[in-house]
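Peer 1: Pasting in a structure now, in structure tokens, and then I'll have a few things to ask.
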Amino acid sequence: MGTLAGYLTDVVGDAFGQMNLPRELGVVRVSDRPDLCQFQCNGAMGAAKHAKKSPRDVAIELVGLIAAHDAVEKVEIAGPGFINIDVKKSFINSFLSENSRKNLFGFVRVDNSPSVVLDYGGPNIAKAMHVGHLRSSIIGDTLRRIYKAAGYNAIGDVHMGDWGTPMGMILSELELLGHEGPVTMEMLAEIYPKASAACKADEARMELARSATKKLQDGDVDATKRWQEFIDVSIAGMKKNFDALGVYFDEWKGESHAHPFIAPMVKDLKERSIAVEDQGAVIVPVKKNDDKKEFPPLILLKSDGAVLYGTTDLATIIDREQSYQPVKIVYCVDQRQSLHFEQVFRAARISKIAEGTDLIFAGFGTMNGLDGKPFKTRDGGVMRLDDLIEMGLEKARARLSEANLDESIDEQEREDIAHKVAIAAIKFADLQNQRQSDYIFDLDRMTAFEGKTGPYLLYQAVRISSLLRKADVFDEDAEFIIGEDELPLALLLLEFADHFENALKNHAPHVLCEYVYKIAQAFSSFYGSCHILSEEDQRVRASRLRLCAVTRNYIIAILGLLGIDVPERM
């Protein structure tokens, strides 16, 4: 059934059609002045030219047609021709009841489960994950969940940095050290920066790294075996962090998976004159005639034959096209990489590598400290991601100690609750911001149980669960009896599909954050205004309990789309 605004759009669209006016002018949206009306339509303004009448005269005729509909309580004209609409409470009762039975959210899922590949995470082999990986991971995973809920075959790909000269640096460093035993993540995290610094300082040392890289890329058995060790221990460390964050990947592929596609891709592009030689390098010119400024080409091969990130990214698109035939590939990466991905996307379109596939850059801003600069440790270094998660856990434990948890909660459950509170705090603090915006990371504020925070939302969901447990038994199919106190919450619950579709279309998790916070606030107002368990009218009591249950379900489900789990109690 969708949203109530969507239903009214059909009603008002029919009225426009009866007047031989374009139906699409009948769009109805939630009023931005709820003190005046519930819904509004501004289509009469645009219809005036078609009708050759003033907007107000068009609106007068429309109002007569709209008022005749069974759902409409009141319809009025405001200003020069704006149409204000209120809906009958009896209709809201039935609409809410039908929506909560048939489909929790009321949106229409896509047919045939088309594939969408989402590229997020992007950690590097042999390096400890740091706070810079947080935004990509949680935004990308949320988008995957949203696409999946919409009916897509949503495929999350971690796309690790596991190829190129950095691998040769580590291989050659181990050889210089004479280390033949197993490697650990701690060892790799120590070796790589030392090897990298040595290679930058000494060309002879860099040549050893290049030689080791070539051996690996040529398929040397010993180098490949050693390299696979790097991958195995690195992925184990990554999974520990991703599991703690509740971030999931379907594919654990890296840049190395694109390597077999590179040589045939370059050969094909050269044969089709899409790639050309320029000062010894092989490039794809991607400048458009209408570009206002110079636009650099995509370099496939450097003059020494080395490949670059653009080469592997273009080859990765070929891999994804062959593996999944996706309708979209969404890249959730730092927005400072926008130029790079525009080069790749243009090359993919020119070459028809991704013909029929929508390539989408979902860039994001930076996470900054209280000083407004990129978040660092106290000594100025880049903070490890597992340290950040532990900081959140410590803060959550302290908050829960202050909150006087139920005495029947044992230590294991307390720790589980603390983990859920910490992750809710970290994720919601990030996701509530517009994706492209920078934001300030303030752990004290984001772990609070009041205000626009993850813990506050958990608390509201848990409070409703506690209330429903106290009710013991209630009718999940009870008749809704929506009164003035229940009306704002009921109307808000019926908006979900519009917010969901907005979040999906614009790759904007913050839309769902804003919406679920409004639901929590509306519930709080309803809870403070109405008797629920103490209500003497059993029909009203049953209605309010059902409204509580539906609200809880919405909060839990929306938080689930954001990758946030709700504890049973707190």
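All residue names refer to the structure tokens as shown: chains lettered A, B, ... in order, residues numbered from 1 in each chain, ligands numbered from 1 in order.
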As an NGL selection string, please: every residue in segment 264-480 of chain A that DSSP puts in strand (DSSP E).
Peer 2: :A and (276-278 or 281-284 or 298-301 or 328-331 or 358-361 or 367-368 or 439-440)
Peer 1: Determine, counting only C-alpha atoms, which protein, DNA and RNA residues have an atom within 12 Å of an atom of Gly451 of chain A; residues of the same chain fewer than 3 positions away are not included. Present the result as a PyMOL selection string.
Peer 2: chain A and resi 425+428-429+445-448+454-460+517-518+520-521
Peer 1: Please provide as a ChimeraX atom specification all residues within 12 Å of segment 53-65 of chain A, with the sequence filter that same-chain residues fewer than 4 positions apart are discarded (counting only C-alpha atoms).
Peer 2: /A:11-21,23,25-26,40-49,69-70,72-85
Peer 1: What's the 7 Å shell around segment 482-489 of chain A, counting only C-alpha atoms, without same-chain residues fewer than 2 positions away, as number ranges by chain?
Peer 2: A: 89, 93, 480, 491-493, 519, 522-523, 526, 529-530
Peer 1: Can you write out the residues you just picked, keeping N, CA and C atoms, as a PDB file, in the first residue's frame?
Peer 2:
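Below is the file part_28.pdb, written as the result:
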ATOM      1  N   LYS A  89      -9.606   9.918  10.708  1.00  0.00           N
ATOM      2  CA  LYS A  89      -8.916   9.002  11.624  1.00  0.00           C
ATOM      3  C   LYS A  89      -9.322   7.562  11.360  1.00  0.00           C
ATOM      4  N   ASN A  93      -6.762   4.539  10.761  1.00  0.00           N
ATOM      5  CA  ASN A  93      -6.835   3.268  11.497  1.00  0.00           C
ATOM      6  C   ASN A  93      -6.688   2.074  10.562  1.00  0.00           C
ATOM      7  N   PHE A 480      -7.098  -0.547  15.594  1.00  0.00           N
ATOM      8  CA  PHE A 480      -6.499   0.738  15.931  1.00  0.00           C
ATOM      9  C   PHE A 480      -7.607   1.753  16.197  1.00  0.00           C
ATOM     10  N   LEU A 491       0.807   8.815  11.978  1.00  0.00           N
ATOM     11  CA  LEU A 491       1.092   9.411  10.671  1.00  0.00           C
ATOM     12  C   LEU A 491       2.565   9.254  10.299  1.00  0.00           C
ATOM     13  N   LEU A 492       3.433   9.404  11.288  1.00  0.00           N
ATOM     14  CA  LEU A 492       4.873   9.284  11.029  1.00  0.00           C
ATOM     15  C   LEU A 492       5.241   7.870  10.588  1.00  0.00           C
ATOM     16  N   LEU A 493       4.652   6.863  11.230  1.00  0.00           N
ATOM     17  CA  LEU A 493       4.936   5.481  10.853  1.00  0.00           C
ATOM     18  C   LEU A 493       4.549   5.199   9.408  1.00  0.00           C
ATOM     19  N   ILE A 519      10.719   9.112  14.941  1.00  0.00           N
ATOM     20  CA  ILE A 519       9.797   8.106  15.481  1.00  0.00           C
ATOM     21  C   ILE A 519       9.993   7.978  16.993  1.00  0.00           C
ATOM     22  N   ALA A 522       8.510  10.964  18.658  1.00  0.00           N
ATOM     23  CA  ALA A 522       7.044  10.922  18.625  1.00  0.00           C
ATOM     24  C   ALA A 522       6.512   9.903  19.612  1.00  0.00           C
ATOM     25  N   PHE A 523       7.210   8.761  19.737  1.00  0.00           N
ATOM     26  CA  PHE A 523       6.782   7.771  20.720  1.00  0.00           C
ATOM     27  C   PHE A 523       6.892   8.333  22.130  1.00  0.00           C
ATOM     28  N   PHE A 526       3.968  10.511  22.771  1.00  0.00           N
ATOM     29  CA  PHE A 526       2.771   9.669  22.921  1.00  0.00           C
ATOM     30  C   PHE A 526       2.771   8.988  24.298  1.00  0.00           C
ATOM     31  N   SER A 529       1.851  11.321  27.030  1.00  0.00           N
ATOM     32  CA  SER A 529       0.500  11.891  26.970  1.00  0.00           C
ATOM     33  C   SER A 529      -0.605  10.874  27.260  1.00  0.00           C
ATOM     34  N   CYS A 530      -0.321   9.608  27.057  1.00  0.00           N
ATOM     35  CA  CYS A 530      -1.384   8.589  27.092  1.00  0.00           C
ATOM     36  C   CYS A 530      -1.179   7.560  28.204  1.00  0.00           C
TER      37      CYS A 530
END
Peer 1: So which one's closest to Phe230 of chain A, A:Val550, A:Ile191, A:Val28, A:Met391? Using only C-alpha atoms, please.
Peer 2: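 Nearest to Phe230 of chain A: A:Ile191.
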Peer 1: Name all residues at most 9 Å from Leu468 of chain A (count only C-alpha atoms; drop same-chain ones fewer than 6 positions away) and give them as number ranges by chain.
Peer 2: A: 474, 533, 545, 548-549
Peer 1: Generate a file of the selected residues that holds all heavy atoms, formatted as a JSON list (two decimals), in the first residue's frame.
Peer 2:
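The resulting again_26.json:
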[["chain", "number", "residue", "atom", "x", "y", "z"],
["A", 474, "PHE", "N", -1.19, -9.24, 24.77],
["A", 474, "PHE", "CA", -1.94, -8.19, 24.05],
["A", 474, "PHE", "C", -2.23, -8.70, 22.64],
["A", 474, "PHE", "O", -1.56, -9.59, 22.12],
["A", 474, "PHE", "CB", -1.16, -6.87, 24.01],
["A", 474, "PHE", "CG", 0.08, -6.91, 23.15],
["A", 474, "PHE", "CD1", 0.04, -6.48, 21.83],
["A", 474, "PHE", "CD2", 1.28, -7.35, 23.67],
["A", 474, "PHE", "CE1", 1.19, -6.51, 21.04],
["A", 474, "PHE", "CE2", 2.43, -7.38, 22.89],
["A", 474, "PHE", "CZ", 2.39, -6.96, 21.56],
["A", 533, "LEU", "N", -0.77, 0.93, 29.92],
["A", 533, "LEU", "CA", -1.11, -0.23, 30.75],
["A", 533, "LEU", "C", -2.24, 0.10, 31.72],
["A", 533, "LEU", "O", -3.04, -0.78, 32.07],
["A", 533, "LEU", "CB", 0.12, -0.69, 31.53],
["A", 533, "LEU", "CG", 1.28, -1.23, 30.69],
["A", 533, "LEU", "CD1", 2.46, -1.63, 31.58],
["A", 533, "LEU", "CD2", 0.84, -2.43, 29.85],
["A", 545, "LEU", "N", -1.35, -0.54, 22.84],
["A", 545, "LEU", "CA", -0.32, -1.57, 22.92],
["A", 545, "LEU", "C", 0.11, -2.03, 21.53],
["A", 545, "LEU", "O", 1.30, -2.25, 21.27],
["A", 545, "LEU", "CB", -0.82, -2.77, 23.73],
["A", 545, "LEU", "CG", -0.85, -2.58, 25.25],
["A", 545, "LEU", "CD1", -1.60, -3.72, 25.92],
["A", 545, "LEU", "CD2", 0.57, -2.47, 25.81],
["A", 548, "CYS", "N", 2.33, 0.57, 20.14],
["A", 548, "CYS", "CA", 3.66, 0.41, 20.74],
["A", 548, "CYS", "C", 4.45, -0.68, 20.03],
["A", 548, "CYS", "O", 5.64, -0.51, 19.72],
["A", 548, "CYS", "CB", 3.53, 0.07, 22.23],
["A", 548, "CYS", "SG", 2.98, 1.43, 23.28],
["A", 549, "ALA", "N", 3.79, -1.81, 19.79],
["A", 549, "ALA", "CA", 4.46, -2.94, 19.16],
["A", 549, "ALA", "C", 4.92, -2.60, 17.74],
["A", 549, "ALA", "O", 6.04, -2.93, 17.33],
["A", 549, "ALA", "CB", 3.54, -4.16, 19.13]]
Peer 1: What gap, in Å, lies between atom CA of Glu173 of chain A and atom CA of Glu203 of chain A?
Peer 2: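 Answer for the atom CA of Glu173 of chain A to atom CA of Glu203 of chain A separation: 14.4 Å.
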Peer 1: Quick check for you: according to DSSP on this backbone, which residues of segment 1-170 of chain A are classed as alpha helix (DSSP H)? Reply as a count of residues only.
Peer 2: 73
Peer 1: List the neighbours of Val330 of chain A out to 7 Å using only C-alpha atoms; skip same-chain residues closer than 6 positions along the sequence, and give me the result as a PyMOL selection string.
Peer 2: chain A and resi 117-119+359-362
Peer 1: Would you output that residue set with all heavy atoms, as a compact mmCIF listing (two decimals), in the first residue's frame?
Peer 2:
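Result saved to again.txt:
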# COMPACT_ATOMS: atom_id res chain seq x y z
N VAL A 117 26.71 -4.38 -7.12
CA VAL A 117 27.97 -4.60 -6.41
C VAL A 117 28.32 -3.33 -5.66
O VAL A 117 28.28 -2.23 -6.21
CB VAL A 117 29.11 -4.96 -7.38
CG1 VAL A 117 30.43 -5.11 -6.62
CG2 VAL A 117 28.79 -6.25 -8.13
N LEU A 118 28.64 -3.49 -4.37
CA LEU A 118 29.03 -2.34 -3.55
C LEU A 118 30.47 -2.53 -3.11
O LEU A 118 30.82 -3.55 -2.49
CB LEU A 118 28.11 -2.21 -2.34
CG LEU A 118 26.65 -1.92 -2.71
CD1 LEU A 118 25.80 -3.15 -2.44
CD2 LEU A 118 26.10 -0.73 -1.94
N ASP A 119 31.31 -1.58 -3.47
CA ASP A 119 32.74 -1.61 -3.18
C ASP A 119 32.99 -0.73 -1.96
O ASP A 119 32.85 0.49 -2.01
CB ASP A 119 33.48 -1.07 -4.41
CG ASP A 119 34.99 -1.11 -4.28
OD1 ASP A 119 35.50 -0.81 -3.18
OD2 ASP A 119 35.68 -1.41 -5.28
N LEU A 359 27.52 3.28 -12.96
CA LEU A 359 28.68 3.38 -12.08
C LEU A 359 28.47 4.59 -11.17
O LEU A 359 28.34 5.72 -11.64
CB LEU A 359 29.96 3.54 -12.89
CG LEU A 359 30.26 2.40 -13.88
CD1 LEU A 359 31.46 2.74 -14.75
CD2 LEU A 359 30.48 1.09 -13.16
N ILE A 360 28.44 4.35 -9.86
CA ILE A 360 28.04 5.39 -8.91
C ILE A 360 29.16 5.64 -7.90
O ILE A 360 29.67 4.71 -7.27
CB ILE A 360 26.77 4.97 -8.17
CG1 ILE A 360 25.61 4.80 -9.17
CG2 ILE A 360 26.39 6.00 -7.10
CD1 ILE A 360 24.41 4.09 -8.59
N PHE A 361 29.53 6.90 -7.76
CA PHE A 361 30.53 7.30 -6.77
C PHE A 361 29.80 7.82 -5.54
O PHE A 361 29.19 8.90 -5.57
CB PHE A 361 31.45 8.38 -7.35
CG PHE A 361 32.49 8.87 -6.38
CD1 PHE A 361 33.59 8.09 -6.07
CD2 PHE A 361 32.38 10.12 -5.79
CE1 PHE A 361 34.56 8.54 -5.17
CE2 PHE A 361 33.34 10.58 -4.90
CZ PHE A 361 34.42 9.79 -4.59
N ALA A 362 29.80 7.07 -4.46
CA ALA A 362 29.16 7.48 -3.20
C ALA A 362 30.24 7.92 -2.23
O ALA A 362 30.60 7.21 -1.29
CB ALA A 362 28.33 6.33 -2.62
Peer 1: Would you mind listing what lies within 8 Å of Ala5 of chain A as a list in words, with only C-alpha atoms counted and same-chain residues fewer than 3 positions away left out?
Peer 2: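 Contacts, in chain order: Leu8, Thr9, Val28, Arg29, Val30, Phe39 and Glu495 of chain A.
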